[in-house]
file work.cif (mmCIF, C-alpha atoms)
data_target
#
loop_
_atom_site.label_atom_id
_atom_site.label_comp_id
_atom_site.auth_asym_id
_atom_site.auth_seq_id
_atom_site.Cartn_x
_atom_site.Cartn_y
_atom_site.Cartn_z
CA MET A 24 155.01 49.84 140.21
CA LYS A 25 157.21 47.82 142.54
CA LYS A 26 155.86 49.68 145.53
CA ASN A 27 152.24 49.14 144.44
CA SER A 28 152.95 45.47 143.80
CA GLY A 29 154.35 45.21 147.29
CA ASN A 30 151.25 46.83 148.73
CA GLN A 31 149.04 44.42 146.78
CA ARG A 32 150.98 41.47 148.18
CA ASP A 33 150.59 42.86 151.70
CA LYS A 34 146.85 43.25 151.22
CA ARG A 35 146.52 39.68 149.98
CA ARG A 36 148.27 38.58 153.18
CA GLY A 37 145.70 40.47 155.23
CA ILE A 38 147.97 43.36 156.19
CA ASP A 39 146.58 46.88 156.15
CA VAL A 40 149.55 48.97 155.06
CA GLY A 41 148.07 52.13 156.51
CA SER A 42 147.99 50.62 159.97
CA ARG A 43 150.99 48.35 159.60
CA LEU A 44 152.61 49.60 162.82
CA HIS A 45 149.48 48.84 164.83
CA GLN A 46 149.49 45.24 163.60
CA VAL A 47 152.96 44.53 165.06
CA SER A 48 152.81 42.46 168.27
CA PRO A 49 154.29 44.55 171.12
CA ALA A 50 157.18 43.36 173.29
CA SER A 51 154.76 42.60 176.12
CA TYR A 52 152.93 40.05 173.93
CA TRP A 53 156.11 38.12 173.17
CA TYR A 54 157.18 38.38 176.78
CA LYS A 55 153.93 37.15 178.31
CA HIS A 56 153.82 34.23 175.90
CA GLY A 57 157.27 33.03 176.86
CA HIS A 58 159.19 33.78 173.64
CA PHE A 59 162.33 35.03 175.38
CA LYS A 60 165.06 32.80 176.78
CA ASN A 61 165.41 34.76 180.01
CA GLU A 62 164.58 38.05 181.70
CA ASP A 63 167.72 39.76 180.40
CA GLU A 64 166.72 39.02 176.81
CA ALA A 65 163.18 40.25 177.50
CA ARG A 66 164.50 43.45 179.07
CA GLY A 67 166.57 44.08 175.96
CA ALA A 68 163.47 43.75 173.78
CA PHE A 69 161.57 46.21 175.97
CA ARG A 70 164.45 48.68 175.76
CA LEU A 71 164.42 48.43 171.97
CA ALA A 72 160.64 48.91 171.91
CA TYR A 73 160.98 51.91 174.21
CA GLN A 74 163.52 53.52 171.90
CA GLN A 75 161.30 52.83 168.89
CA GLY A 76 158.38 54.41 170.70
CA MET A 77 160.49 57.46 171.51
CA ASP A 78 161.38 57.66 167.82
CA GLY A 79 157.72 58.01 166.92
CA MET A 80 156.49 54.48 166.33
CA GLY A 81 152.98 53.74 167.62
CA GLU A 82 150.37 56.03 169.11
CA SER A 83 152.40 56.32 172.31
CA VAL A 84 155.52 54.80 173.82
CA ALA A 85 153.49 52.79 176.34
CA LYS A 86 151.18 51.36 173.67
CA TRP A 87 154.08 50.52 171.38
CA MET A 88 155.65 48.56 174.23
CA GLY A 89 152.27 47.01 175.04
CA LEU A 90 152.25 48.28 178.62
CA THR A 91 149.47 49.69 180.75
CA GLU A 92 150.01 53.10 182.29
CA GLU A 93 150.88 51.45 185.61
CA GLU A 94 153.35 49.06 183.96
CA PHE A 95 154.88 51.90 181.96
CA GLY A 96 155.33 53.92 185.15
CA LEU A 97 157.17 50.98 186.69
CA TRP A 98 159.38 50.75 183.60
CA MET A 99 160.24 54.44 183.75
CA SER A 100 161.00 54.45 187.48
CA HIS A 101 162.76 51.11 187.96
CA ASP A 102 163.36 49.71 184.47
CA GLY A 103 160.88 47.05 185.57
CA ILE A 104 159.16 44.70 183.17
CA PRO A 105 155.63 43.37 183.82
CA LYS A 106 155.18 40.09 185.62
CA ARG A 107 153.30 37.27 183.95
CA SER A 108 150.47 35.69 185.87
CA LEU A 109 150.22 31.97 186.49
CA CYS A 110 147.31 31.70 184.04
CA GLU A 111 149.53 33.06 181.27
CA ILE A 112 152.28 30.51 181.57
CA ALA A 113 152.67 26.77 181.83
CA LEU A 114 155.38 25.23 183.97
CA ASN A 115 158.57 24.83 182.00
CA ASP A 116 160.49 21.79 183.21
CA SER A 117 163.60 22.95 181.32
CA ILE A 118 164.23 25.59 184.00
CA ARG A 119 164.05 23.06 186.82
CA ILE A 120 167.73 22.25 186.86
CA ASP A 121 170.61 21.62 189.23
CA ARG A 122 171.88 24.87 190.73
CA TRP A 123 173.89 26.25 193.61
CA VAL A 124 171.54 27.87 196.14
CA ALA A 125 172.44 29.99 199.16
CA CYS A 126 170.22 31.27 201.95
CA LEU A 127 171.35 34.10 204.24
CA ASP A 128 169.21 34.85 207.25
CA LEU A 129 169.59 38.04 209.30
CA LEU A 130 169.29 37.41 213.05
CA GLY A 131 167.49 39.44 215.66
CA ILE A 132 165.35 41.16 213.07
CA LYS A 133 162.82 42.50 215.59
CA ASN A 134 165.51 44.32 217.54
CA LEU A 135 167.44 45.26 214.42
CA ILE A 136 164.64 47.33 212.93
CA LYS A 137 164.57 49.43 216.10
CA THR A 138 168.17 50.53 215.60
CA GLU A 139 170.13 52.49 213.05
CA TYR A 140 171.64 49.24 211.77
CA TRP A 141 168.49 48.30 209.83
CA LEU A 142 169.09 50.83 207.06
CA GLN A 143 172.71 49.70 206.88
CA VAL A 144 171.56 46.24 205.78
CA PHE A 145 170.46 47.61 202.43
CA ASP A 146 173.54 49.81 202.13
CA VAL A 147 175.75 46.78 202.72
CA TYR A 148 173.75 44.71 200.25
CA ALA A 149 174.15 47.43 197.61
CA GLU A 150 177.88 47.54 198.32
CA ALA A 151 178.10 43.78 197.94
CA ILE A 152 176.31 43.87 194.60
CA LYS A 153 178.60 46.65 193.40
CA HIS A 154 181.63 44.64 194.51
CA PHE A 155 180.28 41.58 192.75
CA LYS A 156 179.79 43.43 189.46
CA GLU A 157 183.34 44.73 189.65
CA ASP A 158 184.71 41.28 190.50
CA THR A 159 186.39 39.03 187.97
CA PHE A 160 183.45 36.62 188.11
CA ASN A 161 180.50 36.97 185.75
CA GLY A 162 177.57 38.70 187.43
CA HIS A 163 175.06 37.08 185.08
CA LEU A 164 175.68 33.70 186.75
CA ILE A 165 173.82 34.69 189.93
CA ARG A 166 170.23 35.69 190.62
CA ARG A 167 169.08 37.28 193.88
CA ILE A 168 165.80 37.19 195.80
CA THR A 169 165.01 39.08 199.01
CA PHE A 170 162.18 38.22 201.37
CA SER A 171 161.72 39.84 204.76
CA ASP A 172 164.92 39.11 206.71
CA SER A 173 166.26 36.51 204.27
CA PHE A 174 168.37 36.69 201.14
CA PHE A 175 168.19 33.84 198.64
CA LEU A 176 170.75 33.53 195.87
CA TYR A 177 170.94 30.94 193.13
CA THR A 178 173.04 30.27 190.05
CA THR A 179 172.04 29.74 186.45
CA ASP A 180 173.71 26.32 186.40
CA GLY A 181 175.71 23.88 188.49
CA SER A 182 179.17 24.62 187.11
CA ALA A 183 182.39 25.25 189.02
CA LEU A 184 182.45 28.83 187.76
CA SER A 185 178.96 29.44 189.13
CA TYR A 186 180.01 28.03 192.51
CA SER A 187 183.04 30.34 192.60
CA ALA A 188 180.88 33.34 191.72
CA LEU A 189 178.26 32.60 194.37
CA ASP A 190 180.83 31.74 197.02
CA SER A 191 182.75 34.96 196.36
CA PHE A 192 179.62 37.08 196.64
CA VAL A 193 178.32 35.35 199.78
CA ARG A 194 181.61 35.60 201.65
CA TYR A 195 181.99 39.28 200.83
CA PHE A 196 178.39 39.99 201.87
CA ILE A 197 178.74 38.12 205.18
CA ILE A 198 181.96 39.93 206.10
CA SER A 199 180.38 43.27 205.22
CA LEU A 200 177.38 42.54 207.46
CA ILE A 201 179.52 41.37 210.38
CA ARG A 202 181.75 44.43 210.19
CA HIS A 203 178.59 46.55 210.35
CA LYS A 204 177.57 44.53 213.45
CA ILE A 205 174.67 42.83 211.67
CA PRO A 206 174.47 39.12 212.63
CA VAL A 207 173.81 36.61 209.84
CA ARG A 208 173.82 32.88 209.30
CA GLY A 209 173.34 30.81 206.18
CA ALA A 210 174.10 27.79 204.05
CA MET A 211 174.83 26.80 200.47
CA THR A 212 173.26 23.74 198.89
CA PHE A 213 173.18 22.07 195.49
CA GLY A 214 170.24 20.47 193.72
CA LYS A 215 167.10 20.99 191.68
CA LEU A 216 165.54 24.44 191.64
CA TYR A 217 162.70 25.69 189.45
CA ALA A 218 163.27 29.41 188.91
CA ASP A 219 160.97 31.55 186.78
CA GLU A 220 161.84 35.19 187.38
CA THR A 221 159.04 36.45 185.14
CA ILE A 222 156.35 35.36 187.61
CA ASP A 223 158.48 35.12 190.76
CA LEU A 224 157.97 31.37 191.01
CA TYR A 225 160.68 29.40 192.80
CA PHE A 226 160.58 25.91 194.26
CA GLY A 227 162.78 22.86 194.62
CA GLU A 228 164.75 20.67 196.96
CA ALA A 229 167.83 22.90 196.98
CA LEU A 230 165.85 25.96 198.10
CA VAL A 231 164.11 24.11 200.94
CA GLU A 232 167.36 22.53 202.08
CA ALA A 233 169.21 25.86 202.11
CA TYR A 234 166.50 27.44 204.25
CA GLN A 235 166.22 24.53 206.69
CA ILE A 236 169.97 24.21 207.22
CA SER A 237 170.32 27.95 207.67
CA GLU A 238 167.57 27.97 210.30
CA SER A 239 169.00 25.00 212.18
CA GLN A 240 172.37 26.57 213.05
CA ASP A 241 172.97 27.91 216.55
CA TRP A 242 175.66 30.44 215.76
CA ILE A 243 176.69 33.27 213.45
CA GLY A 244 178.13 31.60 210.40
CA PHE A 245 177.83 30.03 206.98
CA ILE A 246 178.27 26.41 205.93
CA LEU A 247 178.32 24.17 202.86
CA SER A 248 175.71 21.41 203.00
CA GLN A 249 176.30 17.75 202.26
CA THR A 250 174.81 18.17 198.76
CA ALA A 251 177.19 21.05 198.09
CA THR A 252 180.26 19.14 199.27
CA GLU A 253 179.30 16.12 197.16
CA ARG A 254 178.98 18.32 194.08
CA LEU A 255 182.37 19.90 194.80
CA LYS A 256 183.91 16.42 194.85
CA VAL A 257 182.47 15.75 191.39
CA LEU A 258 183.98 19.02 190.16
CA LYS A 259 187.34 18.03 191.72
CA LEU A 260 187.12 20.94 194.16
CA PRO A 261 186.93 19.05 197.47
CA ALA A 262 185.62 21.11 200.36
CA ASN A 263 188.51 20.14 202.61
CA GLU A 264 190.82 22.01 200.24
CA ARG A 265 188.79 25.24 200.24
CA TRP A 266 191.06 27.83 201.90
CA ASN A 267 188.16 29.85 203.30
CA TYR A 268 186.42 26.86 204.88
CA SER A 269 187.18 24.29 207.54
CA TYR A 270 185.27 21.18 208.60
CA TYR A 271 183.69 21.76 211.98
CA GLN A 272 180.98 20.35 214.20
CA VAL A 273 178.45 23.09 213.54
CA PRO A 274 176.22 23.69 216.59
CA GLN A 275 172.51 22.99 216.02
CA LYS A 276 169.57 24.68 217.73
CA VAL A 277 167.55 21.51 218.33
CA CYS A 278 168.92 18.23 219.58
CA THR A 279 166.82 15.06 219.41
CA GLU A 280 167.55 11.35 219.26
CA GLU A 281 167.46 11.54 215.47
CA LYS A 282 169.39 14.79 215.25
CA GLU A 283 172.73 15.39 216.91
CA ALA A 284 173.58 18.70 218.56
CA TYR A 285 176.56 19.03 216.22
CA ILE A 286 177.07 18.07 212.59
CA GLU A 287 180.45 18.27 210.87
CA LEU A 288 180.37 20.35 207.70
CA PRO A 289 182.65 22.90 205.97
CA ALA A 290 182.19 26.25 207.75
CA PHE A 291 183.25 29.65 206.46
CA ILE A 292 186.11 31.15 208.48
CA ILE A 293 184.84 34.70 208.90
CA GLY A 294 187.69 37.15 208.51
CA GLY A 295 190.16 34.55 207.22
CA ARG A 296 192.59 32.07 208.78
CA ASP A 297 195.20 34.68 209.70
CA SER A 298 194.28 35.89 213.18
CA SER A 299 196.73 38.78 212.84
CA SER A 300 195.13 40.25 209.71
CA GLU A 301 193.19 43.50 209.95
CA LEU A 302 190.10 41.86 208.46
CA HIS A 303 190.05 39.03 210.98
CA ILE A 304 190.61 41.40 213.89
CA ALA A 305 187.80 43.69 212.70
CA CYS A 306 185.33 40.83 212.29
CA LYS A 307 186.22 39.27 215.63
CA ARG A 308 185.94 42.60 217.41
CA ALA A 309 182.49 43.16 215.90
CA LEU A 310 181.33 39.72 217.04
CA MET A 311 182.61 40.35 220.57
CA ILE A 312 180.82 43.70 220.73
CA MET A 313 177.58 42.09 219.59
CA GLU A 314 178.02 39.29 222.13
CA LYS A 315 178.44 41.75 225.03
CA LYS A 316 175.17 43.46 224.12
CA GLN A 317 173.20 40.22 224.55
CA SER A 318 171.51 39.49 227.87
CA ASP A 319 169.59 36.38 226.79
CA PRO A 320 171.82 33.29 227.31
CA LYS A 321 170.18 31.57 224.32
CA ILE A 322 171.24 34.43 222.08
CA LYS A 323 174.62 35.00 223.69
CA ILE A 324 175.71 31.42 223.07
CA LYS A 325 175.36 31.92 219.30
CA TYR A 326 178.24 34.39 219.43
CA SER A 327 180.22 32.25 221.86
CA ASN A 328 179.92 29.30 219.48
CA THR A 329 181.20 31.42 216.58
CA LEU A 330 184.13 32.89 218.51
CA GLU A 331 185.11 29.43 219.71
CA PHE A 332 185.17 28.21 216.11
CA LEU A 333 187.34 31.14 214.99
CA ASN A 334 189.76 30.64 217.89
CA LYS A 335 190.21 27.00 216.95
CA LYS A 336 190.56 27.50 213.21
CA THR A 337 192.79 30.58 213.01
CA CYS A 338 196.34 31.43 213.90
CA VAL A 339 199.09 33.90 213.01
CA LEU A 340 200.14 32.88 209.53
CA THR A 341 203.54 33.23 207.90
CA PRO A 342 204.34 32.90 204.19
CA GLU A 343 205.54 29.37 204.91
CA THR A 344 202.29 28.48 206.67
CA HIS A 345 200.18 29.66 203.75
CA SER A 346 202.21 27.70 201.23
#
call {"tool": "encode", "arguments": {"input": "work.cif", "output": "C-alpha cells"}}
result
Amino acid sequence: MKKNSGNQRDKRRGIDVGSRLHQVSPASYWYKHGHFKNEDEARGAFRLAYQQGMDGMGESVAKWMGLTEEEFGLWMSHDGIPKRSLCEIALNDSIRIDRWVACLDLLGIKNLIKTEYWLQVFDVYAEAIKHFKEDTFNGHLIRRITFSDSFFLYTTDGSALSYSALDSFVRYFIISLIRHKIPVRGAMTFGKLYADETIDLYFGEALVEAYQISESQDWIGFILSQTATERLKVLKLPANERWNYSYYQVPQKVCTEEKEAYIELPAFIIGGRDSSSELHIACKRALMIMEKKQSDPKIKIKYSNTLEFLNKKTCVLTPETHS
C-alpha cells in the first residue's frame, strides 16, 4: 500500500515512474546552465554520472551523462567535459576578480620548431606540472592556459598563498626551460581578470598587462610588474625582500621619449644568487651556449643583457652571507 501510495503521489506530481530515470536532468544540463561552482566540481559530477551509467542507469552511458557521441569520446580519451557556448551563458561578474597573472613567452619560436628542442618544451612543461603537484603548495590555486608560444597562468584569488604557489611554479618552469636551452621571458602582474574555464573566456587588465610587459623586455628573464609589487606591499611581502628577486633596470626593446630604455623592477635571478652553486652554473652555461649560437646582434644582445644582470646580482655565498 505504501509503495502504491508513493506511486500515486509521483503521478500527481507529473512523474512517470516507469521512465523515472529518463526524467532526471543529466550532468551536462546542470553544467551548461551554470549550476556548478567551478570546473572541478563539474568534473566530479560527470564522473559520478559516468559511474552511474556504467552501473546500468539510462539507455547508455553517454545519454545518462547527457553527452553527444563526440563529447563522450572526448571524455573517454582526455577526461574532457563539454564547453559551453557563449549563447548558453551570461557573463558572471563574480568571477572577474583580482588575481595574480603570469605570462611566459618562448623566444625564437620559428627556429625552435626546426630543432629537437621543440618537443622538449612540452616535456619540460609536464615535468613542471608534476613538480608543482608534488610541491607543498596547493595545486588547485593555479590555472594554466597555453596558446601558441605563450603560457598564461593565473590564480583563483589574490592571496599571499596564491602568489607563493604561482611564483614557485613559474621559477621552476623557467629554470627547467633554460637548462634545456629554451629561451623564455615573462612577467607577473596583479589585477582584475575574468576567467571562465567552461567556455575558455578570459579578459582583464592583469592579462593584458602581463602580455605587454613580457613582450617589451629585451632579454631572457622574468620580472614582477608594478601592480604585483604594490600588492606584495599590501600583503607585507615587499619585493625588495624576495630572496629570488632583485631590483634591476630591465632592458626594454623599444625606447621612445615616453618610454625609457630601462625600467627598474624586481627581476628573477635565474639559477639563484650563489654563483658557485651547481644550478647557477648550469643555467649560466646554457645561456652562454645559446648566446654563442646567435648571429643576429639584436638577438645576441638579449643574452648579453641577461648574463650582465646575473654577473651583477650573484656572488659566491657563505652561510654568513645568506643569513
call {"tool": "closest_residue", "arguments": {"input": "work.cif", "among": "A:Ser298, A:Gln272, A:Ser173, A:Ser191", "to": "A:Asn334", "atoms": "all atoms listed in the file"}}
result
A:Ser298
call {"tool": "residues_around", "arguments": {"input": "work.cif", "residues": "A:Gln240", "least_positions_apart": "4", "cutoff": "9 Å", "atoms": "only C-alpha atoms", "output": "VMD selection string"}}
result
chain A and resid 208 to 209 236 244 to 245 273 to 277 325
call {"tool": "closest_residue", "arguments": {"input": "work.cif", "among": "A:Asp190, A:Asp297, A:Glu220, A:Glu264", "to": "A:Asp63", "atoms": "all atoms listed in the file"}}
result
A:Glu220
call {"tool": "resolve_selection", "arguments": {"input": "work.cif", "expression": "the PyMOL selection byres ((chain A and resi 232) around 10)", "output": "list in words"}}
result
Val124, Ala125, Cys126, Ala210, Met211, Thr212, Phe213, Gly214, Gly227, Glu228, Ala229, Leu230, Val231, Ala233, Tyr234, Gln235, Ile236, Ser237, Glu238, Ser248 and Thr250 of chain A
call {"tool": "write_last_selection", "arguments": {"input": "work.cif", "atoms": "C-alpha atoms", "output": "PDB file, keeping the file's coordinate frame"}}
result
ATOM      1  CA  VAL A 124     171.540  27.870 196.140  1.00  0.00           C
ATOM      2  CA  ALA A 125     172.440  29.990 199.160  1.00  0.00           C
ATOM      3  CA  CYS A 126     170.220  31.270 201.950  1.00  0.00           C
ATOM      4  CA  ALA A 210     174.100  27.790 204.050  1.00  0.00           C
ATOM      5  CA  MET A 211     174.830  26.800 200.470  1.00  0.00           C
ATOM      6  CA  THR A 212     173.260  23.740 198.890  1.00  0.00           C
ATOM      7  CA  PHE A 213     173.180  22.070 195.490  1.00  0.00           C
ATOM      8  CA  GLY A 214     170.240  20.470 193.720  1.00  0.00           C
ATOM      9  CA  GLY A 227     162.780  22.860 194.620  1.00  0.00           C
ATOM     10  CA  GLU A 228     164.750  20.670 196.960  1.00  0.00           C
ATOM     11  CA  ALA A 229     167.830  22.900 196.980  1.00  0.00           C
ATOM     12  CA  LEU A 230     165.850  25.960 198.100  1.00  0.00           C
ATOM     13  CA  VAL A 231     164.110  24.110 200.940  1.00  0.00           C
ATOM     14  CA  ALA A 233     169.210  25.860 202.110  1.00  0.00           C
ATOM     15  CA  TYR A 234     166.500  27.440 204.250  1.00  0.00           C
ATOM     16  CA  GLN A 235     166.220  24.530 206.690  1.00  0.00           C
ATOM     17  CA  ILE A 236     169.970  24.210 207.220  1.00  0.00           C
ATOM     18  CA  SER A 237     170.320  27.950 207.670  1.00  0.00           C
ATOM     19  CA  GLU A 238     167.570  27.970 210.300  1.00  0.00           C
ATOM     20  CA  SER A 248     175.710  21.410 203.000  1.00  0.00           C
ATOM     21  CA  THR A 250     174.810  18.170 198.760  1.00  0.00           C
TER      22      THR A 250
END
call {"tool": "resolve_selection", "arguments": {"input": "work.cif", "expression": "the PyMOL selection byres ((chain A and resi 289-292) around 7)", "output": "count of residues only"}}
result
16
call {"tool": "atom_distance", "arguments": {"input": "work.cif", "atom1": "atom CA of A:Ala85", "atom2": "atom CA of A:Asp223"}}
result
23.3 Å
call {"tool": "closest_residue", "arguments": {"input": "work.cif", "among": "A:Glu287, A:Glu314, A:Asp219, A:Asp241", "to": "A:Asn61", "atoms": "all atoms listed in the file"}}
result
A:Asp219
call {"tool": "residues_around", "arguments": {"input": "work.cif", "residues": "A:Thr179", "least_positions_apart": "5", "cutoff": "7 Å", "atoms": "all atoms listed in the file", "output": "ChimeraX atom specification"}}
result
/A:122,164-165
call {"tool": "write_last_selection", "arguments": {"input": "work.cif", "atoms": "C-alpha atoms", "output": "PDB file, in the frame of the given file"}}
result
ATOM      1  CA  ARG A 122     171.880  24.870 190.730  1.00  0.00           C
ATOM      2  CA  LEU A 164     175.680  33.700 186.750  1.00  0.00           C
ATOM      3  CA  ILE A 165     173.820  34.690 189.930  1.00  0.00           C
TER       4      ILE A 165
END
call {"tool": "residues_near_point", "arguments": {"input": "work.cif", "point": "(160.3, 47.6, 178.7)", "cutoff": "12 Å", "atoms": "all atoms listed in the file", "output": "PyMOL selection string"}}
result
chain A and resi 49-54+62-76+84-91+94-106
call {"tool": "closest_residue", "arguments": {"input": "work.cif", "among": "A:Arg308, A:Asn328, A:Ile286, A:Phe196", "to": "A:Ser239", "atoms": "only C-alpha atoms"}}
result
A:Ile286
call {"tool": "atom_distance", "arguments": {"input": "work.cif", "atom1": "atom CA of A:Val339", "atom2": "atom CA of A:Gln317"}}
result
29.0 Å
call {"tool": "atom_distance", "arguments": {"input": "work.cif", "atom1": "atom CA of A:Tyr326", "atom2": "atom CA of A:Met311"}}
result
7.5 Å
call {"tool": "closest_residue", "arguments": {"input": "work.cif", "among": "A:Ala183, A:Leu130, A:Ala218, A:Leu224", "to": "A:Val257", "atoms": "all atoms listed in the file"}}
result
A:Ala183
